[in-house]
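The file protein_30.pdb comes next; it holds PDB, C-alpha atoms.
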```pdb
ATOM      1  CA  MET C 854      66.248 -57.080  14.481
ATOM      2  CA  ILE C 855      63.167 -59.235  13.843
ATOM      3  CA  THR C 856      63.101 -62.482  15.779
ATOM      4  CA  HIS C 857      61.249 -65.554  14.533
ATOM      5  CA  THR C 858      58.934 -67.007  17.132
ATOM      6  CA  SER C 859      56.295 -69.713  17.196
ATOM      7  CA  ILE C 860      52.633 -68.888  16.685
ATOM      8  CA  SER C 861      51.876 -69.662  20.331
ATOM      9  CA  GLU C 862      54.647 -67.281  21.445
ATOM     10  CA  ARG C 863      53.235 -64.545  19.202
ATOM     11  CA  TYR C 864      49.734 -65.124  20.490
ATOM     12  CA  LEU C 865      50.870 -65.056  24.125
ATOM     13  CA  ALA C 866      52.893 -61.873  23.599
ATOM     14  CA  VAL C 867      49.838 -60.102  22.170
ATOM     15  CA  ALA C 868      47.586 -61.531  24.893
ATOM     16  CA  ASP C 869      49.982 -60.133  27.511
ATOM     17  CA  VAL C 870      49.553 -56.677  25.978
ATOM     18  CA  ALA C 871      45.768 -57.087  26.018
ATOM     19  CA  ALA C 872      45.767 -58.153  29.680
ATOM     20  CA  LYS C 873      47.878 -55.142  30.646
ATOM     21  CA  LEU C 874      45.517 -52.829  28.772
ATOM     22  CA  LEU C 875      42.473 -54.372  30.470
ATOM     23  CA  ALA C 876      44.038 -53.468  33.830
ATOM     24  CA  GLU C 877      44.595 -49.808  32.840
ATOM     25  CA  PRO C 878      42.810 -47.347  35.165
ATOM     26  CA  ALA C 879      41.711 -45.414  32.065
ATOM     27  CA  VAL C 880      39.700 -48.426  30.901
ATOM     28  CA  ALA C 881      37.909 -48.633  34.247
ATOM     29  CA  ALA C 882      37.261 -44.886  34.175
ATOM     30  CA  ALA C 883      35.610 -45.149  30.742
ATOM     31  CA  TRP C 884      33.768 -48.389  31.566
ATOM     32  CA  ASP C 885      30.188 -47.235  31.012
ATOM     33  CA  ARG C 886      30.827 -44.951  28.031
ATOM     34  CA  PRO C 887      30.282 -45.756  24.350
ATOM     35  CA  SER C 888      33.432 -47.184  22.807
ATOM     36  CA  ALA C 889      35.166 -46.291  19.555
ATOM     37  CA  LEU C 890      33.669 -49.475  18.085
ATOM     38  CA  LEU C 891      30.121 -48.935  16.908
ATOM     39  CA  HIS C 892      27.433 -50.707  19.002
ATOM     40  CA  TYR C 893      29.826 -51.458  21.897
ATOM     41  CA  THR C 894      30.264 -49.843  25.297
ATOM     42  CA  VAL C 895      33.802 -49.752  26.660
ATOM     43  CA  SER C 896      32.867 -52.510  29.113
ATOM     44  CA  GLY C 897      31.424 -54.674  26.339
ATOM     45  CA  LEU C 898      34.490 -54.103  24.192
ATOM     46  CA  ALA C 899      36.766 -54.984  27.129
ATOM     47  CA  GLY C 900      34.762 -58.169  27.645
ATOM     48  CA  HIS C 901      35.020 -59.014  23.954
ATOM     49  CA  LEU C 902      38.790 -58.476  24.066
ATOM     50  CA  ALA C 903      39.079 -60.665  27.163
ATOM     51  CA  GLY C 904      37.047 -63.357  25.437
ATOM     52  CA  GLN C 905      39.804 -63.821  22.859
ATOM     53  CA  ILE C 906      42.016 -65.088  25.692
ATOM     54  CA  ASN C 907      39.453 -67.046  27.667
ATOM     55  CA  VAL C 908      38.232 -68.967  24.615
ATOM     56  CA  VAL C 909      41.679 -70.416  23.988
ATOM     57  CA  ALA C 910      41.694 -71.967  27.455
ATOM     58  CA  THR C 911      38.240 -73.393  26.741
ATOM     59  CA  VAL C 912      39.491 -74.859  23.449
ATOM     60  CA  LEU C 913      42.433 -76.552  25.175
ATOM     61  CA  ASP C 914      39.986 -78.233  27.563
ATOM     62  CA  GLY C 915      37.797 -79.506  24.738
ATOM     63  CA  GLN C 916      37.941 -82.877  23.034
ATOM     64  CA  ASP C 917      39.887 -83.049  19.804
ATOM     65  CA  PRO C 918      37.435 -83.227  16.865
ATOM     66  CA  ASP C 919      37.316 -86.163  14.496
ATOM     67  CA  THR C 920      36.983 -83.991  11.374
ATOM     68  CA  PRO C 921      39.961 -82.770   9.312
ATOM     69  CA  PRO C 922      40.946 -79.101   9.704
ATOM     70  CA  ILE C 923      40.214 -76.480   7.094
ATOM     71  CA  CYS C 924      42.634 -73.671   6.279
ATOM     72  CA  LEU C 925      42.341 -70.396   8.150
ATOM     73  CA  LEU C 926      41.376 -68.339   5.100
ATOM     74  CA  ASP C 927      38.465 -70.684   4.377
ATOM     75  CA  TYR C 928      37.421 -70.398   8.016
ATOM     76  CA  PHE C 929      37.284 -66.602   7.735
ATOM     77  CA  LEU C 930      35.377 -66.715   4.460
ATOM     78  CA  ARG C 931      32.789 -69.048   6.012
ATOM     79  CA  ALA C 932      32.380 -66.993   9.203
ATOM     80  CA  ARG C 933      28.726 -66.130   9.866
ATOM     81  CA  TRP C 934      29.585 -62.708  11.295
ATOM     82  CA  LEU C 935      31.505 -61.561   8.219
ATOM     83  CA  ASN C 936      28.481 -60.332   6.275
ATOM     84  CA  ALA C 937      25.907 -60.411   9.061
ATOM     85  CA  ASP C 938      23.689 -57.459   9.987
ATOM     86  CA  HIS C 939      25.198 -55.695  13.016
ATOM     87  CA  GLU C 940      21.713 -55.524  14.523
ATOM     88  CA  GLY C 941      21.047 -59.189  13.767
ATOM     89  CA  GLU C 942      21.296 -62.196  16.056
ATOM     90  CA  VAL C 943      24.899 -63.111  15.201
ATOM     91  CA  HIS C 944      26.364 -59.764  16.261
ATOM     92  CA  LEU C 945      23.901 -59.354  19.102
ATOM     93  CA  GLY C 946      25.155 -62.690  20.444
ATOM     94  CA  ILE C 947      28.776 -61.561  20.158
ATOM     95  CA  ARG C 948      27.999 -58.348  22.039
ATOM     96  CA  ARG C 949      26.068 -60.236  24.724
ATOM     97  CA  SER C 950      29.045 -62.509  25.258
ATOM     98  CA  GLY C 951      31.355 -59.521  25.739
ATOM     99  CA  ALA C 952      28.926 -57.925  28.177
ATOM    100  CA  ASP C 953      28.714 -61.193  30.141
ATOM    101  CA  TYR C 954      32.511 -61.363  30.455
ATOM    102  CA  ALA C 955      32.559 -57.804  31.765
ATOM    103  CA  ALA C 956      29.537 -58.072  34.065
ATOM    104  CA  LYS C 957      31.508 -58.159  37.332
ATOM    105  CA  GLY C 958      33.430 -54.985  36.550
ATOM    106  CA  PRO C 959      36.894 -53.991  35.333
ATOM    107  CA  ASP C 960      38.914 -55.251  38.307
ATOM    108  CA  ALA C 961      37.307 -58.686  38.274
ATOM    109  CA  LEU C 962      37.724 -58.969  34.499
ATOM    110  CA  ALA C 963      41.408 -58.015  34.636
ATOM    111  CA  ALA C 964      42.049 -60.496  37.463
ATOM    112  CA  ARG C 965      40.221 -63.291  35.653
ATOM    113  CA  ILE C 966      42.165 -62.803  32.453
ATOM    114  CA  THR C 967      45.497 -62.585  34.280
ATOM    115  CA  ALA C 968      44.765 -65.986  35.835
ATOM    116  CA  VAL C 969      43.730 -67.513  32.501
ATOM    117  CA  LEU C 970      46.805 -66.105  30.796
ATOM    118  CA  ASP C 971      49.107 -67.510  33.472
ATOM    119  CA  ARG C 972      47.657 -70.920  32.681
ATOM    120  CA  LEU C 973      48.052 -70.450  28.922
ATOM    121  CA  HIS C 974      51.724 -69.511  29.323
ATOM    122  CA  LYS C 975      52.242 -72.938  30.931
ATOM    123  CA  GLU C 976      50.028 -75.034  28.672
ATOM    124  CA  LEU C 977      50.293 -73.626  25.147
ATOM    125  CA  PRO C 978      54.011 -74.396  24.670
ATOM    126  CA  ARG C 979      53.271 -78.049  25.507
ATOM    127  CA  GLN C 980      50.680 -78.508  22.778
ATOM    128  CA  PRO C 981      51.501 -80.682  19.733
ATOM    129  CA  GLN C 982      52.141 -78.594  16.630
ATOM    130  CA  ASP C 983      49.661 -80.681  14.649
ATOM    131  CA  ARG C 984      46.833 -80.584  17.224
ATOM    132  CA  VAL C 985      43.401 -80.162  15.628
ATOM    133  CA  VAL C 986      40.800 -78.230  17.637
ATOM    134  CA  GLN C 987      37.372 -76.616  17.440
ATOM    135  CA  PHE C 988      35.878 -73.523  18.982
ATOM    136  CA  PRO C 989      33.239 -74.192  21.674
ATOM    137  CA  TRP C 990      30.489 -73.354  19.194
ATOM    138  CA  GLY C 991      31.464 -76.261  16.969
ATOM    139  CA  PRO C 992      32.730 -77.057  13.447
ATOM    140  CA  PRO C 993      34.682 -76.526  11.354
ATOM    141  CA  SER C 994      37.968 -77.782  12.789
ATOM    142  CA  LEU C 995      41.247 -75.882  12.669
ATOM    143  CA  LEU C 996      44.869 -76.526  13.445
ATOM    144  CA  LEU C 997      45.601 -75.002  16.844
ATOM    145  CA  ASP C 998      48.115 -72.592  15.297
ATOM    146  CA  ASP C 999      45.461 -71.326  12.877
ATOM    147  CA  LEU C1000      42.991 -70.857  15.708
ATOM    148  CA  LEU C1001      45.636 -68.854  17.598
ATOM    149  CA  ILE C1002      46.233 -66.661  14.539
ATOM    150  CA  ASN C1003      42.479 -66.106  14.337
ATOM    151  CA  ARG C1004      42.326 -64.976  17.967
ATOM    152  CA  MET C1005      45.561 -62.987  17.636
ATOM    153  CA  MET C1006      43.940 -61.011  14.843
ATOM    154  CA  GLU C1007      40.986 -60.255  17.119
ATOM    155  CA  LEU C1008      43.334 -59.178  19.907
ATOM    156  CA  VAL C1009      45.425 -56.893  17.688
ATOM    157  CA  VAL C1010      42.382 -55.155  16.198
ATOM    158  CA  HIS C1011      40.513 -54.748  19.484
ATOM    159  CA  ILE C1012      43.558 -53.642  21.488
ATOM    160  CA  ASP C1013      43.554 -50.578  19.254
ATOM    161  CA  ASP C1014      39.778 -50.164  19.639
ATOM    162  CA  LEU C1015      39.978 -50.327  23.429
ATOM    163  CA  ALA C1016      42.989 -48.023  23.726
ATOM    164  CA  VAL C1017      41.289 -45.386  21.569
ATOM    165  CA  SER C1018      38.082 -45.804  23.593
ATOM    166  CA  ALA C1019      39.946 -45.257  26.878
ATOM    167  CA  GLY C1020      41.939 -42.308  25.556
ATOM    168  CA  VAL C1021      45.344 -43.970  25.920
ATOM    169  CA  GLU C1022      48.065 -44.611  23.357
ATOM    170  CA  THR C1023      47.703 -47.877  21.506
ATOM    171  CA  PRO C1024      50.344 -50.217  22.947
ATOM    172  CA  SER C1025      53.269 -51.419  20.882
ATOM    173  CA  LEU C1026      52.957 -54.984  19.637
ATOM    174  CA  PRO C1027      55.635 -57.479  18.550
ATOM    175  CA  THR C1028      56.526 -57.085  14.893
ATOM    176  CA  ASP C1029      56.278 -60.792  14.108
ATOM    177  CA  ALA C1030      52.761 -60.854  15.552
ATOM    178  CA  THR C1031      51.561 -57.833  13.593
ATOM    179  CA  ASP C1032      53.203 -59.177  10.422
ATOM    180  CA  THR C1033      51.163 -62.359  10.840
ATOM    181  CA  VAL C1034      47.930 -60.422  11.382
ATOM    182  CA  VAL C1035      48.529 -57.960   8.544
ATOM    183  CA  GLY C1036      49.298 -60.869   6.234
ATOM    184  CA  ILE C1037      46.027 -62.695   6.885
ATOM    185  CA  LEU C1038      44.011 -59.454   6.753
ATOM    186  CA  ALA C1039      45.592 -58.436   3.442
ATOM    187  CA  THR C1040      44.880 -61.874   1.988
ATOM    188  CA  LEU C1041      41.291 -61.769   3.208
ATOM    189  CA  ALA C1042      40.852 -58.239   1.826
ATOM    190  CA  ALA C1043      42.195 -59.365  -1.552
ATOM    191  CA  ARG C1044      39.732 -62.265  -1.658
ATOM    192  CA  ARG C1045      36.790 -60.030  -0.721
ATOM    193  CA  ARG C1046      37.668 -56.764  -2.521
ATOM    194  CA  GLY C1047      39.917 -57.994  -5.310
ATOM    195  CA  ALA C1048      43.701 -58.274  -5.470
ATOM    196  CA  VAL C1049      44.046 -55.247  -7.764
ATOM    197  CA  ALA C1050      42.233 -53.033  -5.269
ATOM    198  CA  VAL C1051      44.581 -54.122  -2.474
ATOM    199  CA  LEU C1052      47.676 -53.700  -4.645
ATOM    200  CA  ARG C1053      46.598 -50.190  -5.627
ATOM    201  CA  ALA C1054      45.857 -49.245  -2.029
ATOM    202  CA  LEU C1055      49.343 -50.349  -1.007
ATOM    203  CA  THR C1056      51.288 -48.880  -3.930
ATOM    204  CA  ARG C1057      49.311 -46.317  -5.960
ATOM    205  CA  VAL C1058      47.638 -43.569  -3.974
ATOM    206  CA  GLU C1059      46.324 -41.945  -7.174
ATOM    207  CA  ARG C1060      44.328 -45.103  -7.986
ATOM    208  CA  ALA C1061      43.619 -46.350  -4.474
ATOM    209  CA  PRO C1062      40.023 -47.460  -3.815
ATOM    210  CA  ALA C1063      37.952 -45.869  -1.073
ATOM    211  CA  THR C1064      38.253 -48.975   1.084
ATOM    212  CA  ILE C1065      39.952 -52.358   1.135
ATOM    213  CA  THR C1066      38.702 -53.414   4.564
ATOM    214  CA  ALA C1067      38.829 -57.137   5.172
ATOM    215  CA  PHE C1068      35.550 -57.064   7.133
TER     216      PHE C1068
END
```
Produce structure tokens that represent the structure in this file.
Amino acid sequence: MITHTSISERYLAVADVAAKLLAEPAVAAAWDRPSALLHYTVSGLAGHLAGQINVVATVLDGQDPDTPPICLLDYFLRARWLNADHEGEVHLGIRRSGADYAAKGPDALAARITAVLDRLHKELPRQPQDRVVQFPWGPPSLLLDDLLINRMMELVVHIDDLAVSAGVETPSLPTDATDTVVGILATLAARRRGAVAVLRALTRVERAPATITAF
């Protein structure tokens, strides 16, 4: 039976899975190795995953912007990293941020994220449904729910990356959370690759394109 939960509940459920994975001994054992994600070490990938939780706490502490929110799909399509060179400054900055989060080692990272997540479990359910927020790096503005979907997507994708990197089974995730993530990724893929390509990939193996990746 599929239950219908709020966006914050879905985000928190996925974040709980990420925090548990970050505390896995297998992650610590693989810490200094290359990860399954190109250009990342396991430690850097773990830091990047943790950042998707920490940034939400930072957003809650920030001042509400005075600009109207844009829709989540437009936010994705405007994202600087979407078409950026993986050796360029945008992606180098993302990787540096992940490495900084992980700099004190796996135990410290897991403990830090557990503490942040405890706070989010208390504070997120209290937030107004129509709250408008911004990431720490600035405009554009988003509804808080859309920002949580954005970070939930990052968590879902990188949970799999980190599990594969550590040689453990990818954890199960709540169906309503993965439905939300798959929906936004499919929509983004259709905008970037064409709706026909996505439809064929989902329904016609004989005409499926080589890729329909959203990124």
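Comparing the minimum interatomic distances between C:Leu1000 and each of C:Leu913, C:Val895, C:Ala876, C:Val1035, counting all atoms listed in the file, we find that C:Leu913 sits nearest.
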Subject >> Contacts of C:Arg933 at 12 Å (all atoms listed in the file; same-chain gap of 3+ positions) as a list in words >> reply: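 Counting only the stated atoms, we get Tyr928, Phe929, Leu930, Asn936, Ala937, Asp938, His939, Gly941, Glu942, Val943, His944, Gly946, Ile947, Trp990 and Phe1068 of chain C.
Here the PyMOL selection byres ((chain C and resi 1041) around 9) catches exactly these residues: Leu926, Phe929, Leu930, Gly1036, Ile1037, Leu1038, Ala1039, Thr1040, Ala1042, Ala1043, Arg1044, Arg1045, Arg1046, Thr1066, Ala1067 and Phe1068 of chain C.
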Can those selected residues be exported to a file as a short mmCIF file (atom, residue, chain, number, x, y, z; two decimals), in the frame of the given file so that it contains C-alpha atoms?
```cif
data_model
loop_
_atom_site.label_atom_id
_atom_site.label_comp_id
_atom_site.auth_asym_id
_atom_site.auth_seq_id
_atom_site.Cartn_x
_atom_site.Cartn_y
_atom_site.Cartn_z
CA LEU C 926 41.38 -68.34 5.10
CA PHE C 929 37.28 -66.60 7.74
CA LEU C 930 35.38 -66.72 4.46
CA GLY C 1036 49.30 -60.87 6.23
CA ILE C 1037 46.03 -62.70 6.88
CA LEU C 1038 44.01 -59.45 6.75
CA ALA C 1039 45.59 -58.44 3.44
CA THR C 1040 44.88 -61.87 1.99
CA ALA C 1042 40.85 -58.24 1.83
CA ALA C 1043 42.20 -59.36 -1.55
CA ARG C 1044 39.73 -62.26 -1.66
CA ARG C 1045 36.79 -60.03 -0.72
CA ARG C 1046 37.67 -56.76 -2.52
CA THR C 1066 38.70 -53.41 4.56
CA ALA C 1067 38.83 -57.14 5.17
CA PHE C 1068 35.55 -57.06 7.13
#
```
Excluding stretch 860-875 of chain C and residues on its chain fewer than 2 positions from it, collect all residues at most 7 Å away from it, counting all atoms listed in the file, and give them as a PDB file with C-alpha atoms, keeping the file's coordinate frame.
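For reference, result.pdb as written:
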```pdb
ATOM      1  CA  THR C 858      58.934 -67.007  17.132  1.00  0.00           C
ATOM      2  CA  GLU C 877      44.595 -49.808  32.840  1.00  0.00           C
ATOM      3  CA  VAL C 880      39.700 -48.426  30.901  1.00  0.00           C
ATOM      4  CA  ALA C 899      36.766 -54.984  27.129  1.00  0.00           C
ATOM      5  CA  ILE C 906      42.016 -65.088  25.692  1.00  0.00           C
ATOM      6  CA  ALA C 963      41.408 -58.015  34.636  1.00  0.00           C
ATOM      7  CA  ILE C 966      42.165 -62.803  32.453  1.00  0.00           C
ATOM      8  CA  THR C 967      45.497 -62.585  34.280  1.00  0.00           C
ATOM      9  CA  HIS C 974      51.724 -69.511  29.323  1.00  0.00           C
ATOM     10  CA  LEU C 977      50.293 -73.626  25.147  1.00  0.00           C
ATOM     11  CA  PRO C 978      54.011 -74.396  24.670  1.00  0.00           C
ATOM     12  CA  ASP C 998      48.115 -72.592  15.297  1.00  0.00           C
ATOM     13  CA  LEU C1001      45.636 -68.854  17.598  1.00  0.00           C
ATOM     14  CA  MET C1005      45.561 -62.987  17.636  1.00  0.00           C
ATOM     15  CA  LEU C1008      43.334 -59.178  19.907  1.00  0.00           C
ATOM     16  CA  ILE C1012      43.558 -53.642  21.488  1.00  0.00           C
ATOM     17  CA  LEU C1026      52.957 -54.984  19.637  1.00  0.00           C
ATOM     18  CA  ALA C1030      52.761 -60.854  15.552  1.00  0.00           C
TER      19      ALA C1030
END
```
Subject >> Using all atoms listed in the file: which of C:Ser950, C:Ser1018, C:Ser859, C:Ser1025 has the shortest distance to C:Gln980 >> reply: C:Ser859
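Relative to atom CA of C:Asn907, atom CA of C:Tyr954 is found at 9.4 Å.
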